[in-house]
>>> print(open('structure.cif').read())   # mmCIF, C-alpha atoms and all ligand atoms
data_upload
#
loop_
_atom_site.group_PDB
_atom_site.id
_atom_site.type_symbol
_atom_site.label_atom_id
_atom_site.label_comp_id
_atom_site.auth_asym_id
_atom_site.auth_seq_id
_atom_site.Cartn_x
_atom_site.Cartn_y
_atom_site.Cartn_z
ATOM 1 C CA MET X 255 3.747 69.485 -130.005
ATOM 2 C CA ASN X 256 2.690 65.894 -129.293
ATOM 3 C CA THR X 257 5.642 63.629 -128.562
ATOM 4 C CA THR X 258 6.279 63.298 -124.848
ATOM 5 C CA HIS X 259 9.355 65.161 -123.780
ATOM 6 C CA ILE X 260 9.302 64.848 -120.007
ATOM 7 C CA SER X 261 7.510 62.079 -118.204
ATOM 8 C CA ILE X 262 7.285 62.103 -114.420
ATOM 9 C CA GLN X 263 5.940 58.828 -113.127
ATOM 10 C CA GLY X 264 4.913 58.250 -109.524
ATOM 11 C CA VAL X 265 7.607 60.517 -108.126
ATOM 12 C CA ASN X 266 8.039 60.778 -104.358
ATOM 13 C CA LYS X 267 10.696 62.699 -102.499
ATOM 14 C CA VAL X 268 11.324 62.416 -98.788
ATOM 15 C CA PHE X 269 13.974 64.483 -97.009
ATOM 16 C CA ARG X 270 15.228 62.797 -93.864
ATOM 17 C CA THR X 271 17.088 64.734 -91.227
ATOM 18 C CA ALA X 272 18.225 63.592 -87.771
ATOM 19 C CA ASP X 273 14.916 64.340 -86.068
ATOM 20 C CA LYS X 274 12.280 64.457 -88.792
ATOM 21 C CA GLU X 275 11.065 63.487 -92.200
ATOM 22 C CA VAL X 276 9.678 65.900 -94.750
ATOM 23 C CA VAL X 277 7.583 64.465 -97.552
ATOM 24 C CA ALA X 278 8.307 67.089 -100.182
ATOM 25 C CA LEU X 279 6.674 65.340 -103.158
ATOM 26 C CA ARG X 280 4.014 62.675 -103.235
ATOM 27 C CA ASP X 281 3.016 60.644 -106.262
ATOM 28 C CA ILE X 282 3.692 63.264 -108.903
ATOM 29 C CA GLN X 283 2.437 62.158 -112.289
ATOM 30 C CA LEU X 284 2.996 64.475 -115.259
ATOM 31 C CA THR X 285 3.466 64.086 -118.985
ATOM 32 C CA ILE X 286 4.851 67.101 -120.791
ATOM 33 C CA PRO X 287 4.806 67.193 -124.607
ATOM 34 C CA GLU X 288 7.636 68.622 -126.641
ATOM 35 C CA GLY X 289 7.543 72.387 -126.968
ATOM 36 C CA GLN X 290 5.096 73.000 -124.142
ATOM 37 C CA PHE X 291 5.643 75.936 -121.778
ATOM 38 C CA VAL X 292 4.673 74.654 -118.341
ATOM 39 C CA CYS X 293 4.589 76.701 -115.148
ATOM 40 C CA LEU X 294 4.764 75.056 -111.737
ATOM 41 C CA LEU X 295 2.824 77.330 -109.407
ATOM 42 C CA GLY X 296 2.394 77.239 -105.651
ATOM 43 C CA PRO X 297 3.348 78.937 -102.415
ATOM 44 C CA SER X 298 6.812 78.638 -100.949
ATOM 45 C CA GLY X 299 7.566 75.186 -99.533
ATOM 46 C CA CYS X 300 5.276 73.157 -101.790
ATOM 47 C CA GLY X 301 8.102 71.326 -103.553
ATOM 48 C CA LYS X 302 8.484 73.273 -106.793
ATOM 49 C CA SER X 303 12.268 73.446 -106.607
ATOM 50 C CA THR X 304 12.448 69.856 -105.423
ATOM 51 C CA LEU X 305 10.570 68.713 -108.511
ATOM 52 C CA LEU X 306 12.652 70.884 -110.841
ATOM 53 C CA ASN X 307 15.889 69.633 -109.269
ATOM 54 C CA ALA X 308 14.690 66.075 -109.751
ATOM 55 C CA VAL X 309 14.081 66.684 -113.460
ATOM 56 C CA ALA X 310 17.476 68.400 -113.680
ATOM 57 C CA GLY X 311 19.074 65.354 -112.055
ATOM 58 C CA PHE X 312 20.618 67.386 -109.209
ATOM 59 C CA SER X 313 18.681 65.537 -106.550
ATOM 60 C CA LEU X 314 16.969 62.280 -107.482
ATOM 61 C CA PRO X 315 13.510 61.203 -106.305
ATOM 62 C CA THR X 316 13.199 58.799 -103.387
ATOM 63 C CA SER X 317 11.018 56.677 -105.640
ATOM 64 C CA GLY X 318 9.424 56.930 -109.060
ATOM 65 C CA THR X 319 10.879 57.600 -112.475
ATOM 66 C CA ILE X 320 11.616 60.638 -114.601
ATOM 67 C CA ILE X 321 12.181 60.262 -118.328
ATOM 68 C CA ALA X 322 13.512 63.285 -120.178
ATOM 69 C CA ASN X 323 14.231 63.395 -123.879
ATOM 70 C CA GLY X 324 13.630 59.641 -124.044
ATOM 71 C CA LEU X 325 16.090 58.655 -121.325
ATOM 72 C CA PRO X 326 15.754 58.023 -117.575
ATOM 73 C CA VAL X 327 17.176 60.900 -115.539
ATOM 74 C CA ASN X 328 20.034 59.765 -113.294
ATOM 75 C CA GLU X 329 22.230 62.848 -113.317
ATOM 76 C CA PRO X 330 22.395 66.333 -114.829
ATOM 77 C CA GLY X 331 22.823 66.358 -118.589
ATOM 78 C CA PRO X 332 23.281 68.746 -121.510
ATOM 79 C CA ASP X 333 19.742 68.008 -122.718
ATOM 80 C CA ARG X 334 18.410 69.888 -119.646
ATOM 81 C CA GLY X 335 19.597 73.449 -119.040
ATOM 82 C CA MET X 336 18.885 75.154 -115.710
ATOM 83 C CA VAL X 337 18.450 78.867 -115.025
ATOM 84 C CA PHE X 338 18.415 79.802 -111.330
ATOM 85 C CA GLN X 339 16.954 82.816 -109.557
ATOM 86 C CA GLU X 340 20.350 84.017 -108.494
ATOM 87 C CA TYR X 341 22.446 84.547 -111.560
ATOM 88 C CA ALA X 342 25.093 81.874 -111.242
ATOM 89 C CA LEU X 343 27.628 83.694 -113.409
ATOM 90 C CA PHE X 344 31.397 83.516 -113.072
ATOM 91 C CA PRO X 345 32.388 86.926 -111.692
ATOM 92 C CA TRP X 346 35.887 86.791 -113.187
ATOM 93 C CA MET X 347 34.599 86.231 -116.728
ATOM 94 C CA THR X 348 33.146 88.801 -119.102
ATOM 95 C CA VAL X 349 29.652 88.425 -120.519
ATOM 96 C CA GLU X 350 30.908 86.737 -123.672
ATOM 97 C CA GLN X 351 33.241 84.444 -121.746
ATOM 98 C CA ASN X 352 30.378 83.424 -119.465
ATOM 99 C CA ILE X 353 28.194 82.596 -122.455
ATOM 100 C CA GLY X 354 30.926 80.680 -124.278
ATOM 101 C CA PHE X 355 32.237 78.766 -121.285
ATOM 102 C CA GLY X 356 30.027 75.701 -121.664
ATOM 103 C CA LEU X 357 30.941 75.435 -125.332
ATOM 104 C CA GLU X 358 34.650 75.539 -124.522
ATOM 105 C CA ILE X 359 34.148 72.716 -122.047
ATOM 106 C CA LYS X 360 32.441 70.750 -124.807
ATOM 107 C CA GLY X 361 35.520 71.299 -126.963
ATOM 108 C CA MET X 362 33.829 73.327 -129.668
ATOM 109 C CA PRO X 363 36.303 75.060 -132.017
ATOM 110 C CA ALA X 364 37.007 78.699 -131.118
ATOM 111 C CA ALA X 365 35.658 80.138 -134.377
ATOM 112 C CA GLU X 366 32.367 78.339 -133.932
ATOM 113 C CA ILE X 367 32.120 79.438 -130.302
ATOM 114 C CA ALA X 368 32.646 83.041 -131.393
ATOM 115 C CA ARG X 369 29.888 82.726 -133.978
ATOM 116 C CA ARG X 370 27.428 81.138 -131.545
ATOM 117 C CA VAL X 371 28.203 83.663 -128.818
ATOM 118 C CA ALA X 372 27.736 86.582 -131.231
ATOM 119 C CA GLN X 373 24.348 85.176 -132.212
ATOM 120 C CA LEU X 374 23.240 84.857 -128.585
ATOM 121 C CA LEU X 375 24.528 88.315 -127.656
ATOM 122 C CA ASP X 376 22.388 89.652 -130.469
ATOM 123 C CA MET X 377 19.344 87.570 -129.554
ATOM 124 C CA LEU X 378 19.392 88.835 -125.971
ATOM 125 C CA GLY X 379 20.372 92.429 -126.667
ATOM 126 C CA LEU X 380 23.754 92.023 -124.975
ATOM 127 C CA THR X 381 26.122 92.892 -127.807
ATOM 128 C CA ASP X 382 27.127 96.264 -126.345
ATOM 129 C CA PHE X 383 27.753 94.630 -122.974
ATOM 130 C CA ARG X 384 29.828 91.711 -124.169
ATOM 131 C CA GLN X 385 33.044 92.819 -122.518
ATOM 132 C CA ARG X 386 31.579 93.784 -119.180
ATOM 133 C CA PHE X 387 31.908 91.773 -116.009
ATOM 134 C CA PRO X 388 28.789 90.615 -114.130
ATOM 135 C CA LYS X 389 29.351 93.123 -111.303
ATOM 136 C CA ASP X 390 28.951 95.959 -113.820
ATOM 137 C CA LEU X 391 25.537 94.766 -115.015
ATOM 138 C CA SER X 392 22.014 95.310 -113.692
ATOM 139 C CA GLY X 393 20.069 92.331 -112.353
ATOM 140 C CA GLY X 394 18.047 92.104 -115.551
ATOM 141 C CA MET X 395 21.169 92.103 -117.721
ATOM 142 C CA ARG X 396 22.779 89.424 -115.580
ATOM 143 C CA GLN X 397 19.711 87.266 -115.950
ATOM 144 C CA ARG X 398 19.882 87.748 -119.727
ATOM 145 C CA VAL X 399 23.439 86.432 -119.606
ATOM 146 C CA ALA X 400 22.309 83.437 -117.539
ATOM 147 C CA ILE X 401 19.623 82.657 -120.128
ATOM 148 C CA ALA X 402 22.091 83.092 -123.015
ATOM 149 C CA ARG X 403 24.499 80.739 -121.300
ATOM 150 C CA VAL X 404 21.889 78.008 -121.099
ATOM 151 C CA LEU X 405 20.759 78.661 -124.685
ATOM 152 C CA ALA X 406 24.382 78.332 -125.826
ATOM 153 C CA LEU X 407 24.275 74.646 -124.933
ATOM 154 C CA ASP X 408 21.154 74.296 -127.043
ATOM 155 C CA SER X 409 19.408 72.090 -124.505
ATOM 156 C CA PRO X 410 16.001 71.047 -125.816
ATOM 157 C CA ILE X 411 14.641 71.299 -122.262
ATOM 158 C CA MET X 412 14.950 74.476 -120.206
ATOM 159 C CA LEU X 413 14.361 74.374 -116.475
ATOM 160 C CA MET X 414 13.865 77.728 -114.806
ATOM 161 C CA ASP X 415 13.545 78.205 -111.047
ATOM 162 C CA GLU X 416 11.945 81.598 -110.345
ATOM 163 C CA PRO X 417 14.427 83.164 -112.774
ATOM 164 C CA PHE X 418 12.805 86.606 -112.662
ATOM 165 C CA GLY X 419 11.911 86.597 -108.969
ATOM 166 C CA ALA X 420 14.540 89.152 -107.994
ATOM 167 C CA LEU X 421 13.757 91.658 -110.754
ATOM 168 C CA ASP X 422 11.639 94.812 -110.679
ATOM 169 C CA ALA X 423 8.262 94.664 -112.437
ATOM 170 C CA LEU X 424 9.276 96.395 -115.665
ATOM 171 C CA THR X 425 12.491 94.414 -116.176
ATOM 172 C CA ARG X 426 10.582 91.273 -115.369
ATOM 173 C CA ARG X 427 7.958 91.939 -118.021
ATOM 174 C CA ASN X 428 10.679 92.681 -120.592
ATOM 175 C CA LEU X 429 12.421 89.414 -119.869
ATOM 176 C CA GLN X 430 9.146 87.489 -119.902
ATOM 177 C CA ASP X 431 8.488 88.875 -123.388
ATOM 178 C CA GLU X 432 12.028 88.004 -124.520
ATOM 179 C CA LEU X 433 11.641 84.508 -123.171
ATOM 180 C CA LEU X 434 8.337 84.033 -125.019
ATOM 181 C CA ARG X 435 9.938 85.259 -128.234
ATOM 182 C CA ILE X 436 12.922 82.916 -127.854
ATOM 183 C CA TRP X 437 10.684 80.017 -126.896
ATOM 184 C CA SER X 438 8.466 80.432 -129.970
ATOM 185 C CA GLU X 439 11.547 80.754 -132.162
ATOM 186 C CA LEU X 440 13.567 77.853 -130.755
ATOM 187 C CA LYS X 441 10.689 75.533 -129.765
ATOM 188 C CA LYS X 442 12.127 74.520 -126.409
ATOM 189 C CA THR X 443 10.219 72.616 -123.780
ATOM 190 C CA ILE X 444 10.168 74.847 -120.703
ATOM 191 C CA LEU X 445 9.456 73.931 -117.100
ATOM 192 C CA PHE X 446 9.257 77.231 -115.252
ATOM 193 C CA VAL X 447 8.794 77.598 -111.498
ATOM 194 C CA THR X 448 7.071 80.647 -110.084
ATOM 195 C CA HIS X 449 4.976 81.653 -107.116
ATOM 196 C CA SER X 450 3.510 84.556 -109.092
ATOM 197 C CA ILE X 451 0.023 83.777 -110.398
ATOM 198 C CA GLU X 452 0.214 86.603 -112.919
ATOM 199 C CA GLU X 453 3.570 85.430 -114.232
ATOM 200 C CA ALA X 454 2.235 81.909 -114.703
ATOM 201 C CA ILE X 455 -0.838 83.092 -116.623
ATOM 202 C CA TYR X 456 1.239 85.492 -118.718
ATOM 203 C CA LEU X 457 3.699 82.799 -119.786
ATOM 204 C CA ALA X 458 2.304 79.313 -119.701
ATOM 205 C CA ASP X 459 0.540 76.938 -122.056
ATOM 206 C CA ARG X 460 -0.235 74.947 -118.978
ATOM 207 C CA ILE X 461 -0.172 75.652 -115.260
ATOM 208 C CA ILE X 462 0.385 72.980 -112.637
ATOM 209 C CA VAL X 463 -0.763 74.181 -109.214
ATOM 210 C CA MET X 464 0.921 72.283 -106.401
ATOM 211 C CA THR X 465 -0.347 71.552 -102.902
ATOM 212 C CA TYR X 466 1.634 72.473 -99.828
ATOM 213 C CA ARG X 467 3.441 69.568 -98.143
ATOM 214 C CA PRO X 468 3.324 67.021 -99.390
ATOM 215 C CA GLY X 469 3.636 68.504 -102.853
ATOM 216 C CA THR X 470 1.073 66.944 -105.157
ATOM 217 C CA VAL X 471 -0.624 68.127 -108.313
ATOM 218 C CA LYS X 472 -3.669 70.102 -107.159
ATOM 219 C CA LYS X 473 -4.728 71.423 -110.557
ATOM 220 C CA ASP X 474 -3.552 70.921 -114.120
ATOM 221 C CA LEU X 475 -4.872 73.741 -116.268
ATOM 222 C CA LEU X 476 -4.392 74.541 -119.963
ATOM 223 C CA ILE X 477 -4.227 78.258 -120.750
ATOM 224 C CA ASP X 478 -5.364 78.874 -124.284
ATOM 225 C CA LEU X 479 -5.351 82.676 -124.385
ATOM 226 C CA PRO X 480 -3.526 84.126 -127.412
ATOM 227 C CA ARG X 481 -0.140 85.798 -126.780
ATOM 228 C CA LEU X 482 1.011 88.403 -125.990
ATOM 229 C CA ARG X 483 -1.532 88.300 -123.194
ATOM 230 C CA ASP X 484 -3.130 91.316 -121.655
ATOM 231 C CA PRO X 485 -3.147 91.101 -117.847
ATOM 232 C CA SER X 486 -6.024 93.578 -117.725
ATOM 233 C CA ALA X 487 -8.301 91.483 -119.978
ATOM 234 C CA PRO X 488 -11.391 89.918 -118.345
ATOM 235 C CA GLU X 489 -10.318 86.351 -119.292
ATOM 236 C CA PHE X 490 -6.936 86.957 -117.662
ATOM 237 C CA ASN X 491 -8.582 88.249 -114.520
ATOM 238 C CA ALA X 492 -10.996 85.342 -114.362
ATOM 239 C CA LEU X 493 -8.033 82.954 -114.399
ATOM 240 C CA LYS X 494 -6.284 85.049 -111.803
ATOM 241 C CA ARG X 495 -9.254 84.709 -109.466
ATOM 242 C CA GLU X 496 -9.576 80.964 -110.054
ATOM 243 C CA LEU X 497 -5.888 80.288 -109.510
ATOM 244 C CA GLY X 498 -5.676 82.802 -106.664
ATOM 245 C CA GLN X 499 -8.282 80.816 -104.768
ATOM 246 C CA LEU X 500 -6.374 77.544 -105.262
ATOM 247 C CA VAL X 501 -3.025 79.022 -104.234
ATOM 248 C CA MET X 502 -4.552 80.719 -101.220
ATOM 249 C CA GLU X 503 -5.922 77.420 -99.921
ATOM 250 C CA GLU X 504 -2.403 76.028 -99.958
ATOM 251 C CA GLN X 505 -0.926 79.145 -98.400
ATOM 252 C CA GLN X 506 -3.373 78.743 -95.537
ATOM 253 C CA ARG X 507 -2.289 75.141 -95.025
ATOM 254 C CA HIS X 508 1.282 76.402 -94.881
ATOM 255 C CA HIS X 509 0.268 78.997 -92.318
ATOM 256 C CA HIS X 510 -1.548 76.432 -90.135
ATOM 257 C CA ASP X 511 1.493 74.209 -90.263
ATOM 258 C CA GLU X 512 3.714 77.008 -89.017
ATOM 259 C CA MET X 513 1.314 77.856 -86.190
ATOM 260 C CA LYS X 514 1.299 74.214 -85.102
ATOM 261 C CA MET X 515 5.093 74.058 -85.135
ATOM 262 C CA ALA X 516 5.323 77.294 -83.147
ATOM 263 C CA ALA X 517 2.974 75.815 -80.554
ATOM 264 C CA VAL X 518 5.218 72.752 -80.142
ATOM 265 C CA ASP X 519 8.424 74.801 -79.706
HETATM 266 P P1 LIG P 601 9.468 75.485 -103.081
HETATM 267 O O1 LIG P 601 10.522 75.543 -104.132
HETATM 268 O O2 LIG P 601 8.103 75.216 -103.612
HETATM 269 O O3 LIG P 601 9.468 76.697 -102.204
HETATM 270 P P2 LIG P 601 11.079 73.330 -102.007
HETATM 271 O O4 LIG P 601 11.070 72.337 -103.092
HETATM 272 O O5 LIG P 601 12.296 74.176 -101.872
HETATM 273 O O6 LIG P 601 9.776 74.253 -102.113
HETATM 274 O O7 LIG P 601 10.846 72.598 -100.622
HETATM 275 C C1 LIG P 601 9.784 71.672 -100.398
HETATM 276 C C2 LIG P 601 9.855 71.175 -98.979
HETATM 277 O O8 LIG P 601 10.995 70.338 -98.809
HETATM 278 C C3 LIG P 601 10.006 72.280 -97.943
HETATM 279 O O9 LIG P 601 9.255 71.926 -96.820
HETATM 280 C C4 LIG P 601 11.477 72.286 -97.648
HETATM 281 O O10 LIG P 601 11.704 72.736 -96.343
HETATM 282 C C5 LIG P 601 11.851 70.834 -97.809
HETATM 283 N N1 LIG P 601 13.233 70.688 -98.270
HETATM 284 C C6 LIG P 601 13.737 71.107 -99.458
HETATM 285 N N2 LIG P 601 15.045 70.778 -99.584
HETATM 286 C C7 LIG P 601 15.383 70.119 -98.418
HETATM 287 C C8 LIG P 601 16.582 69.502 -97.931
HETATM 288 N N3 LIG P 601 17.688 69.503 -98.661
HETATM 289 N N4 LIG P 601 16.518 68.915 -96.708
HETATM 290 C C9 LIG P 601 15.385 68.923 -95.980
HETATM 291 N N5 LIG P 601 14.238 69.474 -96.379
HETATM 292 C C10 LIG P 601 14.209 70.061 -97.593
HETATM 293 MG MG MG P 602 11.874 77.047 -104.644
#
>>> encode(input="structure.cif", output="structure tokens")
Amino acid sequence: MNTTHISIQGVNKVFRTADKEVVALRDIQLTIPEGQFVCLLGPSGCGKSTLLNAVAGFSLPTSGTIIANGLPVNEPGPDRGMVFQEYALFPWMTVEQNIGFGLEIKGMPAAEIARRVAQLLDMLGLTDFRQRFPKDLSGGMRQRVAIARVLALDSPIMLMDEPFGALDALTRRNLQDELLRIWSELKKTILFVTHSIEEAIYLADRIIVMTYRPGTVKKDLLIDLPRLRDPSAPEFNALKRELGQLVMEEQQRHHHDEMKMAAVD
């Protein structure tokens, strides 16, 4: 838990369109040790996805450096697996084909793929669903498949962009618990984006609260409550109040911004 796994150094991101410039990230500085579960928390528009996409290598910073797994990030790579909010599954493939697809691309022998896929189906409780197509699965089941697909590649770093945002509360809690179990078993480094304060406190070793435009680090907080955490415990609620205050300040800045823009229109 002490070698650096992701290092984000002086990262800025500016989006330029024909008539304006949006500074989405400003001077982000973060060092994430191996095996840490980090949540990026903040209201919509504060640059969470922008930062995650930069670490993934989908969209590079305007300036600054990101080192992941010891190497500078210039493009997406198999050391960084991404799980999106909307289950990006192939609709024409069954559950097991979806999970095994990345391994086929890598040229892994069929027998080994079958073994790996069987293991993942078991780990995520999908064995009975292995021959179904995504359209015949609930949202929670689809998101399990998306997680299994990323785990199949055995990326040491998992990037998750509001992966449970579209799920009902009960399914969400189940998947949070599954994710915690898998994380403690496989020792992945996880960078997890959420705008839910409760989700962040339930999951994270460390919460990074971001400011609204430009996105900067507003608060870097270690959460040392034992797991599984009880959202009704006083310590949990104290954190919820503290973080709620910080997030609300940024939400208000967002709101003011929108009022100003409406006035100009
Ligand atoms: P979050 O994920 O926290 O909701 P984003 O990272 O999606 O926030 O966006 C941060 C800011 O950057 C927002 O103001 C958004 O409008 C802007 N932005 C994101 N992507 C683009 C893009 N491709 N072009 C222009 N502006 C963008
Ligand atoms: Mg986002």
>>> residues_near_point(input="structure.cif", point="(11.5, 57.1, -109.7)", cutoff="7 Å", atoms="all atoms listed in the file", output="MDAnalysis selection string")
chainID X and resid 263:265 315:320
>>> atom_distance(input="structure.cif", atom1="atom CA of X:Thr448", atom2="atom CA of X:Glu416")
5.0 Å
>>> closest_residue(input="structure.cif", among="X:Lys360, X:Lys302, X:Arg369, X:His259", to="ligand LIG 601 (chain P)", atoms="all atoms listed in the file")
X:Lys302
>>> closest_atom_pairs(input="structure.cif", of="chain X", to="ligand MG 602 (chain P)", cutoff="8 Å", atoms="all atoms listed in the file", output="CSV")
residue,atom,partner,partner_atom,distance
X:Ser298,CA,P:MG602,MG,6.5
X:Gly299,CA,P:MG602,MG,6.9
X:Gly301,CA,P:MG602,MG,6.9
X:Lys302,CA,P:MG602,MG,5.5
X:Ser303,CA,P:MG602,MG,4.1
X:Thr304,CA,P:MG602,MG,7.3
X:Asp415,CA,P:MG602,MG,6.7
X:Glu416,CA,P:MG602,MG,7.3
X:Val447,CA,P:MG602,MG,7.5
>>> write_last_selection(input="structure.cif", atoms="C-alpha atoms", output="CSV table (one decimal), in the frame of the given file")
chain,number,residue,atom,x,y,z
X,298,SER,CA,6.8,78.6,-100.9
X,299,GLY,CA,7.6,75.2,-99.5
X,301,GLY,CA,8.1,71.3,-103.6
X,302,LYS,CA,8.5,73.3,-106.8
X,303,SER,CA,12.3,73.4,-106.6
X,304,THR,CA,12.4,69.9,-105.4
X,415,ASP,CA,13.5,78.2,-111.0
X,416,GLU,CA,11.9,81.6,-110.3
X,447,VAL,CA,8.8,77.6,-111.5
>>> resolve_selection(input="structure.cif", expression="the PyMOL selection byres (((not hetatm)) within 12 of (chain P and resi 601))", output="ChimeraX atom specification")
/X:266-280,294-308,312-315,338-339,414-416,446-450,463-470,501,504-505,508,511-512
>>> residues_around(input="structure.cif", residues="stretch 328-334 of chain X", least_positions_apart="5", cutoff="9 Å", atoms="all atoms listed in the file", output="mmCIF file with C-alpha atoms, keeping the file's coordinate frame")
data_model
loop_
_atom_site.group_PDB
_atom_site.id
_atom_site.type_symbol
_atom_site.label_atom_id
_atom_site.label_comp_id
_atom_site.auth_asym_id
_atom_site.auth_seq_id
_atom_site.Cartn_x
_atom_site.Cartn_y
_atom_site.Cartn_z
ATOM 1 C CA ALA X 308 14.690 66.075 -109.751
ATOM 2 C CA VAL X 309 14.081 66.684 -113.460
ATOM 3 C CA ALA X 310 17.476 68.400 -113.680
ATOM 4 C CA GLY X 311 19.074 65.354 -112.055
ATOM 5 C CA PHE X 312 20.618 67.386 -109.209
ATOM 6 C CA SER X 313 18.681 65.537 -106.550
ATOM 7 C CA LEU X 314 16.969 62.280 -107.482
ATOM 8 C CA ILE X 320 11.616 60.638 -114.601
ATOM 9 C CA ALA X 322 13.512 63.285 -120.178
ATOM 10 C CA ASN X 323 14.231 63.395 -123.879
ATOM 11 C CA VAL X 404 21.889 78.008 -121.099
ATOM 12 C CA LEU X 407 24.275 74.646 -124.933
ATOM 13 C CA ASP X 408 21.154 74.296 -127.043
ATOM 14 C CA SER X 409 19.408 72.090 -124.505
ATOM 15 C CA PRO X 410 16.001 71.047 -125.816
ATOM 16 C CA ILE X 411 14.641 71.299 -122.262
ATOM 17 C CA MET X 412 14.950 74.476 -120.206
ATOM 18 C CA LEU X 413 14.361 74.374 -116.475
#
>>> resolve_selection(input="structure.cif", expression="the PyMOL selection byres (((chain X and resi 442) around 6) and not hetatm)", output="MDAnalysis selection string")
chainID X and resid 289 410:411 437 440:441 443
>>> write_last_selection(input="structure.cif", atoms="C-alpha atoms", output="compact mmCIF listing (two decimals), keeping the file's coordinate frame")
# COMPACT_ATOMS: atom_id res chain seq x y z
CA GLY X 289 7.54 72.39 -126.97
CA PRO X 410 16.00 71.05 -125.82
CA ILE X 411 14.64 71.30 -122.26
CA TRP X 437 10.68 80.02 -126.90
CA LEU X 440 13.57 77.85 -130.76
CA LYS X 441 10.69 75.53 -129.76
CA THR X 443 10.22 72.62 -123.78
>>> axis_aligned_box(input="structure.cif", around="stretch 479-484 of chain X", padding_each_side="5 Å", output="JSON")
{"center_x": -2.2, "center_y": 87.0, "center_z": -124.5, "size_x": 16.4, "size_y": 18.6, "size_z": 15.8}
>>> resolve_selection(input="structure.cif", expression="the PyMOL selection byres (((chain X and resi 489-493) around 10) and not hetatm)", output="PyMOL selection string")
chain X and resi 451-452+455-456+475+477+479+483-488+494-499
>>> closest_residue(input="structure.cif", among="X:Leu433, X:Ala517, X:Val349, X:Pro287", to="X:Met395", atoms="only C-alpha atoms")
X:Val349
>>> decode(input="structure.cif", residues="stretch 305-309 of chain X", atoms="all heavy atoms", output="CSV table (one decimal), in the first residue's frame")
chain,number,residue,atom,x,y,z
X,305,LEU,N,-11.0,14.3,-15.5
X,305,LEU,CA,-9.8,13.8,-14.9
X,305,LEU,C,-9.7,12.3,-15.1
X,305,LEU,O,-8.6,11.8,-15.4
X,305,LEU,CB,-9.9,14.2,-13.4
X,305,LEU,CG,-8.6,13.8,-12.6
X,305,LEU,CD1,-7.4,14.4,-13.2
X,305,LEU,CD2,-8.8,14.2,-11.1
X,306,LEU,N,-10.8,11.6,-15.0
X,306,LEU,CA,-10.7,10.2,-15.2
X,306,LEU,C,-10.3,9.8,-16.6
X,306,LEU,O,-9.5,8.9,-16.8
X,306,LEU,CB,-12.1,9.6,-14.8
X,306,LEU,CG,-12.1,8.1,-14.4
X,306,LEU,CD1,-11.4,8.0,-13.0
X,306,LEU,CD2,-13.5,7.5,-14.3
X,307,ASN,N,-10.9,10.5,-17.6
X,307,ASN,CA,-10.6,10.3,-19.0
X,307,ASN,C,-9.1,10.6,-19.3
X,307,ASN,O,-8.5,10.0,-20.1
X,307,ASN,CB,-11.5,11.1,-19.9
X,307,ASN,CG,-12.9,10.6,-19.9
X,307,ASN,OD1,-13.1,9.4,-19.8
X,307,ASN,ND2,-13.8,11.5,-20.1
X,308,ALA,N,-8.6,11.6,-18.5
X,308,ALA,CA,-7.1,11.9,-18.7
X,308,ALA,C,-6.3,10.7,-18.2
X,308,ALA,O,-5.3,10.3,-18.8
X,308,ALA,CB,-6.8,13.2,-18.0
X,309,VAL,N,-6.7,10.2,-17.0
X,309,VAL,CA,-5.9,9.0,-16.5
X,309,VAL,C,-6.1,7.8,-17.4
X,309,VAL,O,-5.1,7.1,-17.7
X,309,VAL,CB,-6.4,8.7,-15.0
X,309,VAL,CG1,-5.6,7.4,-14.5
X,309,VAL,CG2,-6.1,9.9,-14.1
